Amino acid sequence: MRAVRFHEHGGPEVLTVEDVPMPTPEGDEVLVEVAAAGVNPVDTYFRDGAYDPGELPWIPGSDCAGTVAEIGDAVEGYAEGDRVFATGLGNWLQGTCAEYAVVPESHLAHLPDAVDFETGAAVALVGVTAWQTLVDACSLELAERALIHGGSGGVGHVAVQLADAAGARVTTTASPQYHDRLSKLGADDVFDYRRDDIADAVTEAGAPDVILDHRLDDYLSFDTDVAAQSARIAAIGNSDLAATFENVPQCRAKDLTVHHVSMFNTPEFGAVLDRLATLMADDALTGVVADTYALDEVADAHVDVLEESFLGKLVVTP
Ligand SMILES: NC(=O)c1ccc[n+]([C@@H]2O[C@H](COP(=O)([O-])OP(=O)(O)OC[C@H]3O[C@@H](n4cnc5c(N)ncnc54)[C@H](OP(=O)(O)O)[C@@H]3O)[C@@H](O)[C@H]2O)c1
């Protein structure tokens with residue numbers, strides 16, 4: 001099969017498309033014919049060596065959607081030809097930027113017939129991240145106010161929809177060209193994060209009870225200013241300890257909780273994907289595909305996911 005691989009850590013130029021042996025699913029593993037794979041910032045961290053993928057050469061890609069091609073002898077819930085989507089891959093398990101990927105049954109869910117593969121791939125990793133932060137870590141409740149930083153991003157655009165589906169009031173930030181589309185996705189209040197008076201605007205909309213923060217070093221101090229008493233903050237990006245320690249007094253003053261969340265720690269990927277599938281089938285959740293890339297364009301996708309602005313997700317279609 002054709003797969004993107006890197007044999008050493010480095011910039012996007014270390015990515016090559018190669019013919020590699022077809023993997024064989026064993027035990028509880030499922031072989032998925034990949035129709036689409038999401039491009040996530042974490043793929044670049046494994047590639048450049050900031051995160052350790054465990055072995056080299058390595059196939060990048062942390063999520064996918066496609067069709068079951070073969071199952072291991074212990075698989076019970078899937079059969080050849082099933083439409084599925086998956087995440088929790090590309091770290092200690094080889095990734096998804098390939099024509100086929102081996103996925104443990106626990107990392108899969110069925111994809112509703114009405115949802116195309118690109119959309120499934122666009123939702124998988126970011127959907128589990130948004131669920132783990134808003135639902136599992138922060139226990140977002142009906143009629144609470146959620147602040148989603150970066151609502152136009154991969155995680156952000158799904159988090160806006162999940163918070164809305166949960167019955168919360170949703171404030172989000174994004175570049176102005178995305179405001180109308182974010183309102184349609186369920187945001188009640190959308191603000192440009194570049195505004196000088198952004199803290200006043202967020203506070204006037206309603207002090208957030210739950211905050212999803214994708215750049216904690218930049219925004220934890222802001223979060224503590226605008227947060228409601230006893231608010232819960234979930235940090236998914238740029239969370240070095242200095243920003244956390246500097247803001248301990250402010251957190252204590254308002255009895256704030258800061259959760260540092262890694263999507264890869266999700267105990268049951270399949271269970272969360274299954275809930276996301278239900279929401280997609282009910283038209284309460286969709287993934288927005290901003291652009292697609294062929295396998296031999298994955299190096300461009302790794303650059304674009306970090307440097308370009310877009311609403312939604314970049315997706316590889318092998
Ligand atoms: N911990 C985890 O498990 C986990 C899981 C997924 C992602 N992450 C991390 O979370 C971060 C976001 O991931 P993603 O996939 O959503 O990335 P993404 O799709 O590239 O989205 C980035 C978002 O950041 C916004 N942004 C850019 N500059 C900003 C600024 N100065 N202030 C506020 N917002 C700004 C962008 O807005 P505009 O384009 O509108 O300007 C966009 O909405 C990354 O660091 C990623 O590694 C962590």
# chains A, B, ... in the order shown; residues from 1 in each chain; ligands from 1
>>> residues_near_ligand(ligand="ligand 1", cutoff="7 Å", atoms="only C-alpha atoms and all ligand atoms", output="compact mmCIF listing (two decimals) with C-alpha atoms, in the first residue's frame")
# COMPACT_ATOMS: atom_id res chain seq x y z
CA ASN A 40 -4.04 17.84 13.16
CA PRO A 41 -1.33 20.06 14.71
CA VAL A 42 -0.23 17.06 16.80
CA LEU A 125 -9.90 13.65 16.83
CA VAL A 126 -11.26 17.15 17.42
CA THR A 129 -11.04 16.41 22.28
CA HIS A 149 -11.38 30.22 22.31
CA GLY A 150 -10.60 29.80 18.58
CA GLY A 151 -14.08 28.73 17.46
CA SER A 152 -12.99 28.62 13.82
CA GLY A 153 -10.32 25.98 14.51
CA GLY A 154 -10.61 22.24 14.21
CA VAL A 155 -11.38 21.74 17.90
CA GLY A 156 -13.19 25.05 18.20
CA THR A 173 -13.57 34.00 19.42
CA ALA A 174 -12.34 33.92 15.82
CA SER A 175 -11.22 36.09 12.93
CA TYR A 178 -15.85 33.35 10.21
CA TYR A 193 -9.85 37.89 19.58
CA HIS A 214 -6.26 26.29 23.14
CA ARG A 215 -3.38 28.69 24.03
CA ALA A 235 -6.40 23.61 28.59
CA ILE A 236 -5.50 21.76 25.40
CA GLY A 237 -2.60 23.75 23.97
CA ASN A 238 0.51 25.75 24.92
CA VAL A 261 -6.26 17.59 28.94
CA SER A 262 -4.69 15.21 26.42
CA MET A 263 -7.03 13.62 23.90
CA PHE A 264 -4.78 10.54 23.86
CA VAL A 305 -2.36 23.37 9.54
CA LEU A 306 0.08 25.49 11.56
CA SER A 309 -6.29 30.42 8.87
CA PHE A 310 -9.36 28.37 7.90
CA LEU A 311 -12.69 27.39 9.38
CA GLY A 312 -12.84 23.69 10.25
CA LYS A 313 -10.41 21.01 9.19
>>> residues_around(residues="Asp282 in chain A", least_positions_apart="3", cutoff="12 Å", atoms="only C-alpha atoms", output="list in words")
Pro112, Asp113, Ala114, Val115, Ala165, Arg275, Leu276, Ala277, Thr278, Leu279, Leu285 and Thr286 of chain A
>>> closest_atom_pairs(of="range 127-171 of chain A", to="range 225-231 of chain A", cutoff="10 Å", atoms="only C-alpha atoms", output="CSV")
residue,atom,partner,partner_atom,distance
A:Cys138,CA,A:Ala231,CA,8.7
A:Arg145,CA,A:Ala228,CA,9.1
A:Ala146,CA,A:Ala231,CA,9.7
A:Leu147,CA,A:Ala227,CA,9.0
>>> residues_around(residues="Tyr293 in chain A", least_positions_apart="5", cutoff="12 Å", atoms="only C-alpha atoms", output="PyMOL selection string")
chain A and resi 35-39+97+118+298-302+304-305+313-318
>>> write_last_selection(atoms="all heavy atoms", output="compact mmCIF listing (two decimals), in the first residue's frame")
# COMPACT_ATOMS: atom_id res chain seq x y z
N ALA A 35 -10.45 6.36 3.63
CA ALA A 35 -10.99 7.25 2.61
C ALA A 35 -10.60 8.69 2.91
O ALA A 35 -10.46 9.51 1.99
CB ALA A 35 -12.52 7.13 2.56
N ALA A 36 -10.44 9.01 4.19
CA ALA A 36 -10.08 10.37 4.59
C ALA A 36 -9.40 10.32 5.95
O ALA A 36 -9.76 9.51 6.80
CB ALA A 36 -11.32 11.25 4.66
N ALA A 37 -8.41 11.20 6.13
CA ALA A 37 -7.70 11.30 7.42
C ALA A 37 -7.60 12.78 7.77
O ALA A 37 -7.28 13.61 6.91
CB ALA A 37 -6.31 10.69 7.32
N GLY A 38 -7.87 13.11 9.03
CA GLY A 38 -7.75 14.51 9.45
C GLY A 38 -6.29 14.91 9.55
O GLY A 38 -5.41 14.08 9.78
N VAL A 39 -6.03 16.20 9.35
CA VAL A 39 -4.69 16.75 9.58
C VAL A 39 -4.78 17.55 10.87
O VAL A 39 -5.60 18.48 10.97
CB VAL A 39 -4.25 17.67 8.42
CG1 VAL A 39 -2.84 18.21 8.67
CG2 VAL A 39 -4.34 16.94 7.09
N CYS A 97 -2.22 8.35 7.57
CA CYS A 97 -1.96 8.95 6.25
C CYS A 97 -1.43 7.87 5.32
O CYS A 97 -0.25 7.85 4.93
CB CYS A 97 -0.98 10.10 6.37
SG CYS A 97 -1.78 11.59 6.96
N GLU A 118 -15.11 12.35 4.50
CA GLU A 118 -14.32 13.55 4.82
C GLU A 118 -14.85 14.20 6.10
O GLU A 118 -14.08 14.63 6.96
CB GLU A 118 -14.36 14.57 3.66
CG GLU A 118 -13.54 14.20 2.45
CD GLU A 118 -14.28 13.29 1.49
OE1 GLU A 118 -15.40 12.84 1.85
OE2 GLU A 118 -13.75 13.01 0.41
N VAL A 298 0.83 15.82 1.67
CA VAL A 298 0.73 15.87 3.13
C VAL A 298 1.74 16.86 3.73
O VAL A 298 1.47 17.52 4.73
CB VAL A 298 0.86 14.46 3.74
CG1 VAL A 298 1.03 14.52 5.25
CG2 VAL A 298 -0.39 13.65 3.40
N ALA A 299 2.92 17.00 3.11
CA ALA A 299 3.90 17.98 3.61
C ALA A 299 3.30 19.39 3.56
O ALA A 299 3.47 20.18 4.51
CB ALA A 299 5.18 17.91 2.78
N ASP A 300 2.56 19.71 2.49
CA ASP A 300 1.90 21.03 2.41
C ASP A 300 0.85 21.16 3.52
O ASP A 300 0.70 22.22 4.14
CB ASP A 300 1.19 21.21 1.06
CG ASP A 300 2.17 21.22 -0.10
OD1 ASP A 300 3.33 21.59 0.13
OD2 ASP A 300 1.76 20.87 -1.23
N ALA A 301 0.13 20.07 3.75
CA ALA A 301 -0.92 20.10 4.78
C ALA A 301 -0.31 20.36 6.16
O ALA A 301 -0.89 21.08 6.98
CB ALA A 301 -1.70 18.79 4.78
N HIS A 302 0.89 19.77 6.42
CA HIS A 302 1.56 20.00 7.71
C HIS A 302 1.95 21.47 7.88
O HIS A 302 1.95 21.98 9.01
CB HIS A 302 2.79 19.11 7.83
CG HIS A 302 2.50 17.74 8.36
ND1 HIS A 302 3.37 17.03 9.14
CD2 HIS A 302 1.40 16.95 8.22
CE1 HIS A 302 2.84 15.87 9.47
NE2 HIS A 302 1.65 15.78 8.89
N ASP A 304 0.33 24.04 6.29
CA ASP A 304 -0.90 24.83 6.32
C ASP A 304 -1.62 24.72 7.66
O ASP A 304 -2.20 25.70 8.14
CB ASP A 304 -1.85 24.38 5.19
CG ASP A 304 -1.27 24.73 3.82
OD1 ASP A 304 -0.29 25.50 3.76
OD2 ASP A 304 -1.81 24.22 2.80
N VAL A 305 -1.60 23.53 8.29
CA VAL A 305 -2.36 23.37 9.54
C VAL A 305 -1.80 24.27 10.64
O VAL A 305 -2.53 24.68 11.54
CB VAL A 305 -2.42 21.89 9.98
CG1 VAL A 305 -1.09 21.42 10.57
CG2 VAL A 305 -3.56 21.65 10.96
N LYS A 313 -11.49 21.99 9.22
CA LYS A 313 -10.41 21.01 9.19
C LYS A 313 -9.79 20.85 7.82
O LYS A 313 -10.46 20.97 6.80
CB LYS A 313 -10.98 19.63 9.56
CG LYS A 313 -11.44 19.49 10.99
CD LYS A 313 -10.29 19.37 11.97
CE LYS A 313 -9.43 18.16 11.66
NZ LYS A 313 -8.28 18.10 12.58
N LEU A 314 -8.52 20.51 7.82
CA LEU A 314 -7.83 20.05 6.62
C LEU A 314 -7.86 18.52 6.63
O LEU A 314 -7.67 17.91 7.68
CB LEU A 314 -6.38 20.54 6.61
CG LEU A 314 -6.21 22.06 6.83
CD1 LEU A 314 -4.72 22.43 6.78
CD2 LEU A 314 -7.00 22.85 5.80
N VAL A 315 -8.10 17.93 5.46
CA VAL A 315 -8.33 16.48 5.39
C VAL A 315 -7.51 15.89 4.24
O VAL A 315 -7.45 16.47 3.15
CB VAL A 315 -9.84 16.20 5.17
CG1 VAL A 315 -10.09 14.75 4.81
CG2 VAL A 315 -10.63 16.57 6.43
N VAL A 316 -6.87 14.74 4.51
CA VAL A 316 -6.12 14.01 3.48
C VAL A 316 -7.03 12.92 2.91
O VAL A 316 -7.68 12.18 3.65
CB VAL A 316 -4.86 13.37 4.08
CG1 VAL A 316 -4.15 12.49 3.06
CG2 VAL A 316 -3.92 14.45 4.62
N THR A 317 -7.07 12.83 1.58
CA THR A 317 -7.86 11.77 0.93
C THR A 317 -6.90 10.88 0.13
O THR A 317 -6.53 11.22 -0.98
CB THR A 317 -8.94 12.38 0.01
OG1 THR A 317 -8.34 13.33 -0.86
CG2 THR A 317 -10.04 13.05 0.81
N PRO A 318 -6.47 9.74 0.73
CA PRO A 318 -5.45 8.88 0.10
C PRO A 318 -5.93 8.34 -1.27
O PRO A 318 -7.10 8.10 -1.46
CB PRO A 318 -5.27 7.75 1.09
CG PRO A 318 -5.73 8.29 2.40
CD PRO A 318 -6.83 9.26 2.07
>>> atom_distance(atom1="CA of Val123 in chain A", atom2="CA of Gly72 in chain A")
25.8 Å
>>> closest_residue(among="A:Glu105, A:Glu80, A:Glu55, A:Glu33", to="Trp92 in chain A", atoms="only C-alpha atoms")
A:Glu55
>>> select_by_dssp(residues="range 71-318 of chain A", states="strand (DSSP E)", output="JSON, numbers by chain")
{"A": [71, 83, 84, 85, 86, 87, 100, 101, 102, 103, 104, 108, 109, 110, 145, 146, 147, 148, 169, 170, 171, 172, 173, 189, 190, 191, 210, 211, 212, 213, 232, 233, 234, 235, 257, 258, 259, 260, 289, 290, 291, 292, 293, 313, 314, 315, 316]}
>>> residues_around(residues="Glu246 in chain A", least_positions_apart="4", cutoff="10 Å", atoms="only C-alpha atoms", output="ChimeraX atom specification")
/A:220-221,241-242,250-251
>>> write_last_selection(atoms="N, CA, C and O atoms", output="JSON list (two decimals), in the first residue's frame")
[["chain", "number", "residue", "atom", "x", "y", "z"],
["A", 220, "LEU", "N", -4.52, 32.31, 29.94],
["A", 220, "LEU", "CA", -4.97, 31.93, 31.29],
["A", 220, "LEU", "C", -5.27, 33.16, 32.14],
["A", 220, "LEU", "O", -6.27, 33.19, 32.87],
["A", 221, "SER", "N", -4.44, 34.18, 32.02],
["A", 221, "SER", "CA", -4.68, 35.39, 32.80],
["A", 221, "SER", "C", -6.02, 36.03, 32.37],
["A", 221, "SER", "O", -6.83, 36.43, 33.22],
["A", 241, "LEU", "N", 4.17, 25.27, 32.50],
["A", 241, "LEU", "CA", 3.82, 25.42, 33.91],
["A", 241, "LEU", "C", 3.92, 26.86, 34.40],
["A", 241, "LEU", "O", 3.24, 27.25, 35.33],
["A", 242, "ALA", "N", 4.77, 27.67, 33.73],
["A", 242, "ALA", "CA", 4.96, 29.04, 34.21],
["A", 242, "ALA", "C", 3.63, 29.81, 34.23],
["A", 242, "ALA", "O", 3.29, 30.46, 35.22],
["A", 250, "GLN", "N", -4.97, 34.14, 41.21],
["A", 250, "GLN", "CA", -6.23, 34.52, 40.59],
["A", 250, "GLN", "C", -7.20, 33.34, 40.56],
["A", 250, "GLN", "O", -8.41, 33.51, 40.74],
["A", 251, "CYS", "N", -6.67, 32.13, 40.30],
["A", 251, "CYS", "CA", -7.53, 30.94, 40.31],
["A", 251, "CYS", "C", -8.10, 30.72, 41.70],
["A", 251, "CYS", "O", -9.28, 30.41, 41.87]]
>>> residues_around(residues="Trp131 in chain A", least_positions_apart="4", cutoff="9 Å", atoms="only C-alpha atoms", output="list in words")
Val126, Gly127, Val135, Asp136, Ala137, Ala159, Leu162, Val272 and Leu276 of chain A
>>> closest_residue(among="A:Leu256, A:Leu31, A:Leu273, A:Ala122", to="Asp73 in chain A", atoms="only C-alpha atoms")
A:Leu31
>>> residues_around(residues="Val14 in chain A", least_positions_apart="6", cutoff="10 Å", atoms="only C-alpha atoms", output="compact mmCIF listing (two decimals) with N, CA and C atoms, in the first residue's frame")
# COMPACT_ATOMS: atom_id res chain seq x y z
N VAL A 4 2.37 7.65 3.72
CA VAL A 4 3.31 8.72 4.04
C VAL A 4 4.13 8.26 5.24
N ARG A 5 5.45 8.43 5.18
CA ARG A 5 6.27 8.05 6.34
C ARG A 5 7.39 9.07 6.54
N PHE A 6 7.91 9.09 7.78
CA PHE A 6 9.18 9.79 8.02
C PHE A 6 10.13 8.83 8.71
N HIS A 7 11.40 8.88 8.30
CA HIS A 7 12.44 8.00 8.83
C HIS A 7 13.29 8.71 9.86
N GLU A 8 13.19 10.04 9.91
CA GLU A 8 13.89 10.84 10.92
C GLU A 8 13.02 12.04 11.23
N ARG A 47 6.07 14.46 14.04
CA ARG A 47 7.03 14.51 12.94
C ARG A 47 8.31 15.24 13.35
N ASP A 48 8.16 16.42 14.04
CA ASP A 48 9.37 17.21 14.32
C ASP A 48 10.12 16.72 15.57
N ALA A 299 2.92 17.00 3.11
CA ALA A 299 3.90 17.98 3.61
C ALA A 299 3.30 19.39 3.56
>>> residues_around(residues="Leu185 in chain A", least_positions_apart="4", cutoff="8 Å", atoms="only C-alpha atoms", output="VMD selection string")
chain A and resid 157 160 to 161 181
>>> closest_residue(among="A:Gly11, A:Glu18, A:Gly206, A:Thr224", to="Arg252 in chain A", atoms="only C-alpha atoms")
A:Thr224
>>> select_by_dssp(residues="range 124-207 of chain A", states="helix (DSSP H, G or I)", output="PyMOL selection string")
chain A and resi 124-137+154-165+176-185+198-205
